[in-house]
$ cat coords.pdb   # PDB, C-alpha atoms, pLDDT in the B column
MODEL        1
ATOM      1  CA  MET P1341     -41.501 -14.715 -72.174  1.00 44.00           C
ATOM      2  CA  ALA P1342     -40.736 -11.372 -73.770  1.00 41.00           C
ATOM      3  CA  GLU P1343     -38.469 -10.778 -76.758  1.00 42.00           C
ATOM      4  CA  GLN P1344     -35.826  -8.021 -76.784  1.00 39.00           C
ATOM      5  CA  ASN P1345     -35.923  -7.522 -73.016  1.00 41.00           C
ATOM      6  CA  GLU P1346     -39.404  -6.049 -72.842  1.00 40.00           C
ATOM      7  CA  THR P1347     -40.723  -6.411 -69.307  1.00 39.00           C
ATOM      8  CA  MET P1348     -43.552  -8.696 -70.317  1.00 41.00           C
ATOM      9  CA  LYS P1349     -44.078 -11.782 -68.193  1.00 49.00           C
ATOM     10  CA  GLY P1350     -45.979 -14.003 -70.570  1.00 70.00           C
ATOM     11  CA  THR P1351     -44.733 -17.406 -69.509  1.00 88.00           C
ATOM     12  CA  THR P1352     -45.524 -20.322 -67.262  1.00 92.00           C
ATOM     13  CA  THR P1353     -42.815 -22.514 -65.760  1.00 95.00           C
ATOM     14  CA  VAL P1354     -43.263 -25.168 -63.093  1.00 97.00           C
ATOM     15  CA  GLY P1355     -40.963 -26.998 -60.687  1.00 98.00           C
ATOM     16  CA  ILE P1356     -41.884 -30.071 -58.634  1.00 98.00           C
ATOM     17  CA  VAL P1357     -39.803 -32.057 -56.146  1.00 97.00           C
ATOM     18  CA  PHE P1358     -40.650 -35.757 -56.248  1.00 96.00           C
ATOM     19  CA  GLU P1359     -39.307 -38.764 -54.391  1.00 92.00           C
ATOM     20  CA  ASP P1360     -36.160 -39.270 -56.463  1.00 93.00           C
ATOM     21  CA  GLY P1361     -35.642 -35.990 -58.270  1.00 96.00           C
ATOM     22  CA  VAL P1362     -37.021 -32.791 -59.748  1.00 98.00           C
ATOM     23  CA  VAL P1363     -39.356 -32.071 -62.671  1.00 98.00           C
ATOM     24  CA  LEU P1364     -38.984 -28.754 -64.509  1.00 98.00           C
ATOM     25  CA  ALA P1365     -41.576 -27.836 -67.144  1.00 97.00           C
ATOM     26  CA  SER P1366     -42.580 -24.888 -69.323  1.00 95.00           C
ATOM     27  CA  GLU P1367     -44.764 -23.997 -72.248  1.00 92.00           C
ATOM     28  CA  ARG P1368     -43.082 -22.695 -75.406  1.00 87.00           C
ATOM     29  CA  ARG P1369     -44.845 -19.443 -76.372  1.00 83.00           C
ATOM     30  CA  ALA P1370     -42.724 -16.288 -76.565  1.00 79.00           C
ATOM     31  CA  THR P1371     -44.508 -12.935 -76.746  1.00 77.00           C
ATOM     32  CA  MET P1372     -43.505  -9.405 -77.737  1.00 75.00           C
ATOM     33  CA  GLY P1373     -46.264  -7.171 -76.472  1.00 71.00           C
ATOM     34  CA  PHE P1374     -49.450  -8.599 -77.975  1.00 70.00           C
ATOM     35  CA  LEU P1375     -47.543 -10.444 -80.714  1.00 75.00           C
ATOM     36  CA  ILE P1376     -46.778 -14.166 -80.455  1.00 77.00           C
ATOM     37  CA  SER P1377     -43.207 -13.944 -81.711  1.00 72.00           C
ATOM     38  CA  ASN P1378     -42.149 -17.578 -81.304  1.00 77.00           C
ATOM     39  CA  LYS P1379     -44.061 -20.831 -80.810  1.00 78.00           C
ATOM     40  CA  THR P1380     -41.073 -23.037 -79.967  1.00 80.00           C
ATOM     41  CA  ALA P1381     -39.159 -20.889 -77.491  1.00 85.00           C
ATOM     42  CA  LYS P1382     -36.570 -22.583 -75.276  1.00 91.00           C
ATOM     43  CA  LYS P1383     -37.195 -21.841 -71.598  1.00 93.00           C
ATOM     44  CA  ILE P1384     -35.365 -24.689 -69.839  1.00 96.00           C
ATOM     45  CA  TYR P1385     -31.561 -24.862 -69.952  1.00 97.00           C
ATOM     46  CA  GLN P1386     -29.171 -27.502 -68.674  1.00 97.00           C
ATOM     47  CA  ILE P1387     -26.440 -25.646 -66.794  1.00 96.00           C
ATOM     48  CA  GLY P1388     -24.774 -28.630 -65.091  1.00 93.00           C
ATOM     49  CA  SER P1389     -24.773 -32.391 -65.356  1.00 92.00           C
ATOM     50  CA  ARG P1390     -27.733 -32.612 -62.958  1.00 96.00           C
ATOM     51  CA  ILE P1391     -28.946 -28.994 -62.799  1.00 97.00           C
ATOM     52  CA  GLY P1392     -31.600 -27.236 -64.861  1.00 98.00           C
ATOM     53  CA  LEU P1393     -32.691 -23.597 -65.113  1.00 97.00           C
ATOM     54  CA  THR P1394     -36.143 -22.366 -66.179  1.00 96.00           C
ATOM     55  CA  THR P1395     -36.616 -18.810 -67.383  1.00 94.00           C
ATOM     56  CA  ALA P1396     -39.401 -16.264 -67.500  1.00 90.00           C
ATOM     57  CA  GLY P1397     -38.827 -12.691 -68.668  1.00 87.00           C
ATOM     58  CA  GLY P1398     -36.532 -11.168 -71.277  1.00 86.00           C
ATOM     59  CA  VAL P1399     -35.134 -13.685 -73.774  1.00 87.00           C
ATOM     60  CA  GLY P1400     -31.743 -11.990 -74.109  1.00 89.00           C
ATOM     61  CA  ASP P1401     -31.294 -11.708 -70.351  1.00 93.00           C
ATOM     62  CA  ALA P1402     -32.323 -15.343 -69.820  1.00 92.00           C
ATOM     63  CA  GLN P1403     -29.947 -16.645 -72.495  1.00 93.00           C
ATOM     64  CA  GLN P1404     -27.048 -14.602 -71.125  1.00 95.00           C
ATOM     65  CA  LEU P1405     -27.591 -15.933 -67.608  1.00 96.00           C
ATOM     66  CA  ALA P1406     -27.897 -19.509 -68.873  1.00 96.00           C
ATOM     67  CA  ARG P1407     -24.586 -19.181 -70.748  1.00 96.00           C
ATOM     68  CA  LEU P1408     -22.890 -17.650 -67.700  1.00 96.00           C
ATOM     69  CA  MET P1409     -24.131 -20.357 -65.333  1.00 96.00           C
ATOM     70  CA  THR P1410     -23.128 -23.140 -67.737  1.00 96.00           C
ATOM     71  CA  VAL P1411     -19.586 -21.779 -67.969  1.00 96.00           C
ATOM     72  CA  GLU P1412     -19.302 -21.385 -64.198  1.00 95.00           C
ATOM     73  CA  ALA P1413     -20.563 -24.929 -63.572  1.00 95.00           C
ATOM     74  CA  ASN P1414     -18.069 -26.337 -66.085  1.00 95.00           C
ATOM     75  CA  LEU P1415     -15.177 -24.346 -64.587  1.00 95.00           C
ATOM     76  CA  TYR P1416     -16.105 -25.535 -61.101  1.00 94.00           C
ATOM     77  CA  GLU P1417     -16.089 -29.163 -62.248  1.00 92.00           C
ATOM     78  CA  ILE P1418     -12.685 -28.755 -63.937  1.00 93.00           C
ATOM     79  CA  ARG P1419     -11.093 -26.972 -60.979  1.00 94.00           C
ATOM     80  CA  ARG P1420     -12.628 -28.994 -58.139  1.00 92.00           C
ATOM     81  CA  GLY P1421     -13.102 -32.358 -59.797  1.00 90.00           C
ATOM     82  CA  LYS P1422     -16.728 -32.558 -58.705  1.00 91.00           C
ATOM     83  CA  ASN P1423     -20.100 -31.173 -59.752  1.00 92.00           C
ATOM     84  CA  LEU P1424     -21.417 -27.829 -58.560  1.00 94.00           C
ATOM     85  CA  SER P1425     -24.204 -28.329 -56.020  1.00 95.00           C
ATOM     86  CA  VAL P1426     -27.669 -26.934 -56.708  1.00 96.00           C
ATOM     87  CA  SER P1427     -27.425 -24.741 -53.611  1.00 95.00           C
ATOM     88  CA  ALA P1428     -24.084 -23.298 -54.733  1.00 95.00           C
ATOM     89  CA  ALA P1429     -25.477 -22.671 -58.222  1.00 96.00           C
ATOM     90  CA  SER P1430     -28.447 -20.856 -56.686  1.00 96.00           C
ATOM     91  CA  THR P1431     -26.133 -18.728 -54.534  1.00 96.00           C
ATOM     92  CA  LEU P1432     -23.943 -17.850 -57.522  1.00 96.00           C
ATOM     93  CA  LEU P1433     -26.976 -16.914 -59.620  1.00 97.00           C
ATOM     94  CA  SER P1434     -28.366 -14.854 -56.760  1.00 96.00           C
ATOM     95  CA  ASN P1435     -25.057 -12.983 -56.384  1.00 96.00           C
ATOM     96  CA  VAL P1436     -24.911 -12.209 -60.127  1.00 96.00           C
ATOM     97  CA  LEU P1437     -28.453 -10.819 -60.118  1.00 96.00           C
ATOM     98  CA  HIS P1438     -27.971  -8.837 -56.906  1.00 95.00           C
ATOM     99  CA  GLY P1439     -24.750  -7.343 -58.252  1.00 94.00           C
ATOM    100  CA  ASN P1440     -26.736  -6.002 -61.230  1.00 94.00           C
ATOM    101  CA  ARG P1441     -29.763  -4.790 -59.286  1.00 91.00           C
ATOM    102  CA  TYR P1442     -29.404  -1.182 -60.553  1.00 91.00           C
ATOM    103  CA  TYR P1443     -29.401  -2.468 -64.152  1.00 91.00           C
ATOM    104  CA  PRO P1444     -31.403  -5.646 -63.553  1.00 92.00           C
ATOM    105  CA  TYR P1445     -31.920  -8.683 -65.685  1.00 93.00           C
ATOM    106  CA  TYR P1446     -35.646  -8.886 -66.422  1.00 91.00           C
ATOM    107  CA  VAL P1447     -36.092 -12.491 -65.368  1.00 93.00           C
ATOM    108  CA  GLN P1448     -37.777 -14.797 -62.909  1.00 93.00           C
ATOM    109  CA  LEU P1449     -35.957 -18.102 -62.577  1.00 96.00           C
ATOM    110  CA  LEU P1450     -36.204 -21.605 -61.181  1.00 97.00           C
ATOM    111  CA  ILE P1451     -33.057 -23.631 -60.603  1.00 97.00           C
ATOM    112  CA  GLY P1452     -33.322 -27.263 -59.628  1.00 97.00           C
ATOM    113  CA  GLY P1453     -31.613 -30.605 -59.759  1.00 97.00           C
ATOM    114  CA  VAL P1454     -30.080 -33.404 -57.750  1.00 97.00           C
ATOM    115  CA  ASP P1455     -26.820 -33.371 -55.820  1.00 94.00           C
ATOM    116  CA  GLU P1456     -25.359 -35.119 -52.775  1.00 92.00           C
ATOM    117  CA  SER P1457     -28.128 -33.704 -50.583  1.00 91.00           C
ATOM    118  CA  GLY P1458     -30.854 -35.087 -52.858  1.00 94.00           C
ATOM    119  CA  PRO P1459     -33.469 -33.286 -54.980  1.00 96.00           C
ATOM    120  CA  VAL P1460     -33.293 -29.486 -54.545  1.00 96.00           C
ATOM    121  CA  LEU P1461     -35.338 -26.632 -56.057  1.00 97.00           C
ATOM    122  CA  PHE P1462     -34.945 -22.850 -55.714  1.00 97.00           C
ATOM    123  CA  SER P1463     -36.791 -19.823 -57.084  1.00 96.00           C
ATOM    124  CA  VAL P1464     -34.697 -16.722 -57.801  1.00 96.00           C
ATOM    125  CA  ASP P1465     -36.064 -13.244 -58.536  1.00 94.00           C
ATOM    126  CA  ALA P1466     -34.645 -10.452 -60.698  1.00 93.00           C
ATOM    127  CA  VAL P1467     -32.650  -8.786 -57.908  1.00 93.00           C
ATOM    128  CA  GLY P1468     -31.199 -11.958 -56.432  1.00 93.00           C
ATOM    129  CA  GLY P1469     -33.731 -13.052 -53.848  1.00 94.00           C
ATOM    130  CA  SER P1470     -33.442 -16.837 -53.539  1.00 94.00           C
ATOM    131  CA  SER P1471     -35.929 -19.163 -51.831  1.00 95.00           C
ATOM    132  CA  ARG P1472     -35.693 -22.922 -51.422  1.00 95.00           C
ATOM    133  CA  GLU P1473     -38.886 -24.671 -52.521  1.00 93.00           C
ATOM    134  CA  ASP P1474     -39.486 -28.009 -50.806  1.00 87.00           C
ATOM    135  CA  LYS P1475     -42.473 -29.101 -52.893  1.00 94.00           C
ATOM    136  CA  ILE P1476     -43.842 -27.005 -55.756  1.00 96.00           C
ATOM    137  CA  VAL P1477     -43.273 -23.655 -57.437  1.00 96.00           C
ATOM    138  CA  ALA P1478     -44.458 -21.802 -60.550  1.00 95.00           C
ATOM    139  CA  THR P1479     -43.362 -18.583 -62.266  1.00 93.00           C
ATOM    140  CA  GLY P1480     -44.666 -16.243 -64.934  1.00 89.00           C
ATOM    141  CA  SER P1481     -48.019 -14.768 -65.874  1.00 87.00           C
ATOM    142  CA  GLY P1482     -49.717 -18.169 -65.876  1.00 90.00           C
ATOM    143  CA  SER P1483     -48.464 -19.097 -62.395  1.00 92.00           C
ATOM    144  CA  PRO P1484     -51.744 -18.322 -60.534  1.00 93.00           C
ATOM    145  CA  MET P1485     -53.574 -20.908 -62.654  1.00 94.00           C
ATOM    146  CA  ALA P1486     -50.707 -23.373 -62.361  1.00 95.00           C
ATOM    147  CA  TYR P1487     -50.607 -22.994 -58.575  1.00 95.00           C
ATOM    148  CA  GLY P1488     -54.309 -23.819 -58.360  1.00 94.00           C
ATOM    149  CA  VAL P1489     -53.605 -27.247 -59.842  1.00 96.00           C
ATOM    150  CA  LEU P1490     -50.278 -27.804 -58.073  1.00 96.00           C
ATOM    151  CA  GLU P1491     -51.582 -27.044 -54.602  1.00 95.00           C
ATOM    152  CA  ASP P1492     -54.690 -29.154 -55.117  1.00 95.00           C
ATOM    153  CA  ARG P1493     -52.965 -32.255 -56.465  1.00 95.00           C
ATOM    154  CA  PHE P1494     -49.437 -32.332 -55.005  1.00 96.00           C
ATOM    155  CA  LYS P1495     -48.673 -35.051 -52.472  1.00 93.00           C
ATOM    156  CA  PRO P1496     -45.434 -36.011 -50.710  1.00 88.00           C
ATOM    157  CA  ALA P1497     -43.162 -38.689 -52.193  1.00 88.00           C
ATOM    158  CA  MET P1498     -44.700 -38.594 -55.660  1.00 95.00           C
ATOM    159  CA  SER P1499     -43.245 -40.891 -58.300  1.00 95.00           C
ATOM    160  CA  GLU P1500     -41.521 -39.536 -61.403  1.00 96.00           C
ATOM    161  CA  LYS P1501     -44.574 -40.304 -63.530  1.00 95.00           C
ATOM    162  CA  GLU P1502     -46.976 -38.667 -61.061  1.00 96.00           C
ATOM    163  CA  ALA P1503     -44.832 -35.516 -60.821  1.00 97.00           C
ATOM    164  CA  SER P1504     -44.492 -35.289 -64.604  1.00 97.00           C
ATOM    165  CA  GLU P1505     -48.244 -35.691 -65.060  1.00 96.00           C
ATOM    166  CA  LEU P1506     -48.899 -33.004 -62.458  1.00 97.00           C
ATOM    167  CA  ALA P1507     -46.491 -30.576 -64.153  1.00 97.00           C
ATOM    168  CA  VAL P1508     -48.230 -31.086 -67.497  1.00 96.00           C
ATOM    169  CA  ARG P1509     -51.678 -30.726 -65.918  1.00 95.00           C
ATOM    170  CA  ALA P1510     -50.612 -27.431 -64.265  1.00 95.00           C
ATOM    171  CA  LEU P1511     -49.226 -26.075 -67.544  1.00 94.00           C
ATOM    172  CA  ARG P1512     -52.361 -27.182 -69.351  1.00 92.00           C
ATOM    173  CA  SER P1513     -54.474 -25.133 -66.953  1.00 92.00           C
ATOM    174  CA  ALA P1514     -52.297 -22.053 -67.455  1.00 91.00           C
ATOM    175  CA  ILE P1515     -52.303 -22.388 -71.238  1.00 89.00           C
ATOM    176  CA  LYS P1516     -56.104 -22.470 -71.300  1.00 87.00           C
ATOM    177  CA  ARG P1517     -56.461 -19.223 -69.314  1.00 85.00           C
ATOM    178  CA  ASP P1518     -53.311 -17.117 -69.810  1.00 81.00           C
ATOM    179  CA  ALA P1519     -52.760 -15.354 -73.150  1.00 76.00           C
ATOM    180  CA  GLY P1520     -48.997 -15.213 -72.593  1.00 73.00           C
ATOM    181  CA  SER P1521     -48.710 -19.001 -72.282  1.00 79.00           C
ATOM    182  CA  GLY P1522     -49.320 -21.464 -75.058  1.00 74.00           C
ATOM    183  CA  GLU P1523     -48.209 -23.913 -77.741  1.00 79.00           C
ATOM    184  CA  SER P1524     -46.422 -27.138 -76.812  1.00 86.00           C
ATOM    185  CA  MET P1525     -44.672 -28.048 -73.552  1.00 94.00           C
ATOM    186  CA  ALA P1526     -41.124 -28.926 -72.515  1.00 95.00           C
ATOM    187  CA  VAL P1527     -40.637 -31.286 -69.578  1.00 97.00           C
ATOM    188  CA  VAL P1528     -37.274 -32.146 -68.009  1.00 98.00           C
ATOM    189  CA  VAL P1529     -36.778 -34.854 -65.397  1.00 98.00           C
ATOM    190  CA  ILE P1530     -33.611 -34.738 -63.278  1.00 98.00           C
ATOM    191  CA  THR P1531     -32.537 -37.653 -61.078  1.00 97.00           C
ATOM    192  CA  LYS P1532     -29.168 -38.763 -59.728  1.00 94.00           C
ATOM    193  CA  GLU P1533     -28.879 -41.026 -62.783  1.00 95.00           C
ATOM    194  CA  ALA P1534     -29.618 -38.512 -65.543  1.00 95.00           C
ATOM    195  CA  TYR P1535     -30.819 -35.161 -66.853  1.00 97.00           C
ATOM    196  CA  ARG P1536     -33.475 -36.029 -69.439  1.00 96.00           C
ATOM    197  CA  GLU P1537     -35.840 -33.964 -71.566  1.00 96.00           C
ATOM    198  CA  LEU P1538     -38.989 -35.848 -72.478  1.00 96.00           C
ATOM    199  CA  SER P1539     -39.788 -36.262 -76.157  1.00 92.00           C
ATOM    200  CA  GLU P1540     -42.910 -34.704 -77.677  1.00 90.00           C
ATOM    201  CA  THR P1541     -44.486 -38.161 -77.764  1.00 91.00           C
ATOM    202  CA  GLU P1542     -43.770 -38.737 -74.074  1.00 93.00           C
ATOM    203  CA  VAL P1543     -45.215 -35.329 -73.169  1.00 91.00           C
ATOM    204  CA  SER P1544     -48.339 -35.929 -75.244  1.00 90.00           C
ATOM    205  CA  GLN P1545     -48.942 -39.182 -73.363  1.00 90.00           C
ATOM    206  CA  LEU P1546     -49.015 -37.205 -70.105  1.00 89.00           C
ATOM    207  CA  ILE P1547     -51.658 -34.711 -71.279  1.00 81.00           C
ATOM    208  CA  PRO P1548     -55.028 -35.435 -69.625  1.00 71.00           C
ATOM    209  CA  ASN P1549     -57.948 -36.195 -71.899  1.00 66.00           C
TER     210      ASN P1549
ENDMDL
END
$ encode --input "coords.pdb" --output "structure tokens"
Amino acid sequence: MAEQNETMKGTTTVGIVFEDGVVLASERRATMGFLISNKTAKKIYQIGSRIGLTTAGGVGDAQQLARLMTVEANLYEIRRGKNLSVSAASTLLSNVLHGNRYYPYYVQLLIGGVDESGPVLFSVDAVGGSSREDKIVATGSGSPMAYGVLEDRFKPAMSEKEASELAVRALRSAIKRDAGSGESMAVVVITKEAYRELSETEVSQLIPN
């Protein structure tokens, strides 16, 4: 994840759809060129009661989009008396990015959560292209390594624990081989009951020996 909007893509984020929800995960290294500028960077944002957003790309752009989406989700809930759906959030985000395609946000995003339709996960590119992901997805410079693990080990109807372990295993692989990815990991589990970020202790218990 690049500081000050440099077009570096040193990040790995992962999204997995499991039986009852969605797991979003990222490592925490932020880079500025060849400099590791931050070892505890925030790359997963809660933008709705059951919706999360992962970010890869420029820090300033990512933070601005996270703030915008949080405000829009809150306004929707106040005006309509119900939560914004994940699909609607993805469409709104896509429209914002497409409307700025001549002066683009330097980001690659995942947006996922649980709504009335069940667990939903989308990937959204810098100019607003949005794709629904039914199983797994990864973004950032470490994504090729993460995909190798995800595609090998994913299975339908995984449990929350299995999906969380797989996300950590995929990040672990990327961290070992991608210079732009590193440090600790953040893991968020979203179900219809709650949006919950795992503690450092919980994440460490998921790391394979």
$ atom_distance --input "coords.pdb" --atom1 "CA of Thr1353 (chain P)" --atom2 "CA of Gly1397 (chain P)"
11.0 Å
$ residues_around --input "coords.pdb" --residues "region 1470-1487 of chain P" --least-positions-apart "5" --cutoff "8 Å" --atoms "all atoms listed in the file" --output "NGL selection string"
:P and (1349-1358 or 1396-1397 or 1430-1431 or 1434 or 1448-1450 or 1460-1465 or 1494 or 1496 or 1510-1511 or 1513-1515 or 1517-1518 or 1520-1521)
$ write_last_selection --input "coords.pdb" --atoms "C-alpha atoms" --output "PDB file, keeping the file's coordinate frame"
ATOM      1  CA  LYS P1349     -44.078 -11.782 -68.193  1.00 49.00           C
ATOM      2  CA  GLY P1350     -45.979 -14.003 -70.570  1.00 70.00           C
ATOM      3  CA  THR P1351     -44.733 -17.406 -69.509  1.00 88.00           C
ATOM      4  CA  THR P1352     -45.524 -20.322 -67.262  1.00 92.00           C
ATOM      5  CA  THR P1353     -42.815 -22.514 -65.760  1.00 95.00           C
ATOM      6  CA  VAL P1354     -43.263 -25.168 -63.093  1.00 97.00           C
ATOM      7  CA  GLY P1355     -40.963 -26.998 -60.687  1.00 98.00           C
ATOM      8  CA  ILE P1356     -41.884 -30.071 -58.634  1.00 98.00           C
ATOM      9  CA  VAL P1357     -39.803 -32.057 -56.146  1.00 97.00           C
ATOM     10  CA  PHE P1358     -40.650 -35.757 -56.248  1.00 96.00           C
ATOM     11  CA  ALA P1396     -39.401 -16.264 -67.500  1.00 90.00           C
ATOM     12  CA  GLY P1397     -38.827 -12.691 -68.668  1.00 87.00           C
ATOM     13  CA  SER P1430     -28.447 -20.856 -56.686  1.00 96.00           C
ATOM     14  CA  THR P1431     -26.133 -18.728 -54.534  1.00 96.00           C
ATOM     15  CA  SER P1434     -28.366 -14.854 -56.760  1.00 96.00           C
ATOM     16  CA  GLN P1448     -37.777 -14.797 -62.909  1.00 93.00           C
ATOM     17  CA  LEU P1449     -35.957 -18.102 -62.577  1.00 96.00           C
ATOM     18  CA  LEU P1450     -36.204 -21.605 -61.181  1.00 97.00           C
ATOM     19  CA  VAL P1460     -33.293 -29.486 -54.545  1.00 96.00           C
ATOM     20  CA  LEU P1461     -35.338 -26.632 -56.057  1.00 97.00           C
ATOM     21  CA  PHE P1462     -34.945 -22.850 -55.714  1.00 97.00           C
ATOM     22  CA  SER P1463     -36.791 -19.823 -57.084  1.00 96.00           C
ATOM     23  CA  VAL P1464     -34.697 -16.722 -57.801  1.00 96.00           C
ATOM     24  CA  ASP P1465     -36.064 -13.244 -58.536  1.00 94.00           C
ATOM     25  CA  PHE P1494     -49.437 -32.332 -55.005  1.00 96.00           C
ATOM     26  CA  PRO P1496     -45.434 -36.011 -50.710  1.00 88.00           C
ATOM     27  CA  ALA P1510     -50.612 -27.431 -64.265  1.00 95.00           C
ATOM     28  CA  LEU P1511     -49.226 -26.075 -67.544  1.00 94.00           C
ATOM     29  CA  SER P1513     -54.474 -25.133 -66.953  1.00 92.00           C
ATOM     30  CA  ALA P1514     -52.297 -22.053 -67.455  1.00 91.00           C
ATOM     31  CA  ILE P1515     -52.303 -22.388 -71.238  1.00 89.00           C
ATOM     32  CA  ARG P1517     -56.461 -19.223 -69.314  1.00 85.00           C
ATOM     33  CA  ASP P1518     -53.311 -17.117 -69.810  1.00 81.00           C
ATOM     34  CA  GLY P1520     -48.997 -15.213 -72.593  1.00 73.00           C
ATOM     35  CA  SER P1521     -48.710 -19.001 -72.282  1.00 79.00           C
TER      36      SER P1521
END
$ closest_residue --input "coords.pdb" --among "P:Ile1451, P:Leu1405, P:Ala1466, P:Val1362" --to "Val1529 (chain P)" --atoms "only C-alpha atoms"
P:Val1362
$ resolve_selection --input "coords.pdb" --expression "the PyMOL selection byres ((chain P and resi 1359) around 7)" --output "mmCIF file with C-alpha atoms, keeping the file's coordinate frame"
data_model
loop_
_atom_site.group_PDB
_atom_site.id
_atom_site.type_symbol
_atom_site.label_atom_id
_atom_site.label_comp_id
_atom_site.auth_asym_id
_atom_site.auth_seq_id
_atom_site.Cartn_x
_atom_site.Cartn_y
_atom_site.Cartn_z
ATOM 1 C CA VAL P 1357 -39.803 -32.057 -56.146
ATOM 2 C CA PHE P 1358 -40.650 -35.757 -56.248
ATOM 3 C CA ASP P 1360 -36.160 -39.270 -56.463
ATOM 4 C CA GLY P 1361 -35.642 -35.990 -58.270
ATOM 5 C CA ALA P 1497 -43.162 -38.689 -52.193
ATOM 6 C CA MET P 1498 -44.700 -38.594 -55.660
ATOM 7 C CA SER P 1499 -43.245 -40.891 -58.300
#
$ closest_atom_pairs --input "coords.pdb" --of "region 1405-1479 of chain P" --to "region 1370-1392 of chain P" --cutoff "8 Å" --atoms "all atoms listed in the file" --output "tab-separated table"
residue	atom	partner	partner_atom	distance
P:Ala1406	CA	P:Tyr1385	CA	6.6
P:Arg1407	CA	P:Ile1387	CA	7.8
P:Met1409	CA	P:Ile1387	CA	6.0
P:Thr1410	CA	P:Ile1387	CA	4.3
P:Val1411	CA	P:Ile1387	CA	8.0
P:Ala1413	CA	P:Gly1388	CA	5.8
P:Asn1414	CA	P:Gly1388	CA	7.2
P:Asn1423	CA	P:Ser1389	CA	7.4
P:Leu1424	CA	P:Gly1388	CA	7.4
P:Val1426	CA	P:Ile1391	CA	6.6
P:Ile1451	CA	P:Gly1392	CA	5.8
P:Gly1452	CA	P:Gly1392	CA	5.5
P:Gly1453	CA	P:Ile1391	CA	4.4
P:Val1454	CA	P:Arg1390	CA	5.8
P:Asp1455	CA	P:Arg1390	CA	7.2
$ atom_distance --input "coords.pdb" --atom1 "CA of Gln1545 (chain P)" --atom2 "CA of Glu1523 (chain P)"
15.9 Å
$ atom_distance --input "coords.pdb" --atom1 "CA of Val1447 (chain P)" --atom2 "CA of Gly1469 (chain P)"
11.8 Å
$ closest_residue --input "coords.pdb" --among "P:Ser1504, P:Ser1366, P:Ser1457, P:Thr1394" --to "Ser1425 (chain P)" --atoms "all atoms listed in the file"
P:Ser1457
$ closest_residue --input "coords.pdb" --among "P:Ser1427, P:Ser1544, P:Thr1531, P:Asn1440" --to "Glu1505 (chain P)" --atoms "all atoms listed in the file"
P:Ser1544
$ closest_residue --input "coords.pdb" --among "P:Ala1428, P:Val1399, P:Val1528, P:Leu1433" --to "Arg1369 (chain P)" --atoms "all atoms listed in the file"
P:Val1399
$ residues_around --input "coords.pdb" --residues "Gly1468 (chain P)" --least-positions-apart "6" --cutoff "8 Å" --atoms "only C-alpha atoms" --output "count of residues only"
7
$ closest_residue --input "coords.pdb" --among "P:Tyr1443, P:Val1363, P:Glu1533, P:Leu1408" --to "Ala1429 (chain P)" --atoms "all atoms listed in the file"
P:Leu1408
$ resolve_selection --input "coords.pdb" --expression "the PyMOL selection byres ((chain P and resi 1548) around 10)" --output "PDB file with C-alpha atoms, in the coordinates of the input"
ATOM      1  CA  GLU P1505     -48.244 -35.691 -65.060  1.00 96.00           C
ATOM      2  CA  LEU P1506     -48.899 -33.004 -62.458  1.00 97.00           C
ATOM      3  CA  VAL P1508     -48.230 -31.086 -67.497  1.00 96.00           C
ATOM      4  CA  ARG P1509     -51.678 -30.726 -65.918  1.00 95.00           C
ATOM      5  CA  ARG P1512     -52.361 -27.182 -69.351  1.00 92.00           C
ATOM      6  CA  SER P1544     -48.339 -35.929 -75.244  1.00 90.00           C
ATOM      7  CA  GLN P1545     -48.942 -39.182 -73.363  1.00 90.00           C
ATOM      8  CA  LEU P1546     -49.015 -37.205 -70.105  1.00 89.00           C
ATOM      9  CA  ILE P1547     -51.658 -34.711 -71.279  1.00 81.00           C
ATOM     10  CA  ASN P1549     -57.948 -36.195 -71.899  1.00 66.00           C
TER      11      ASN P1549
END
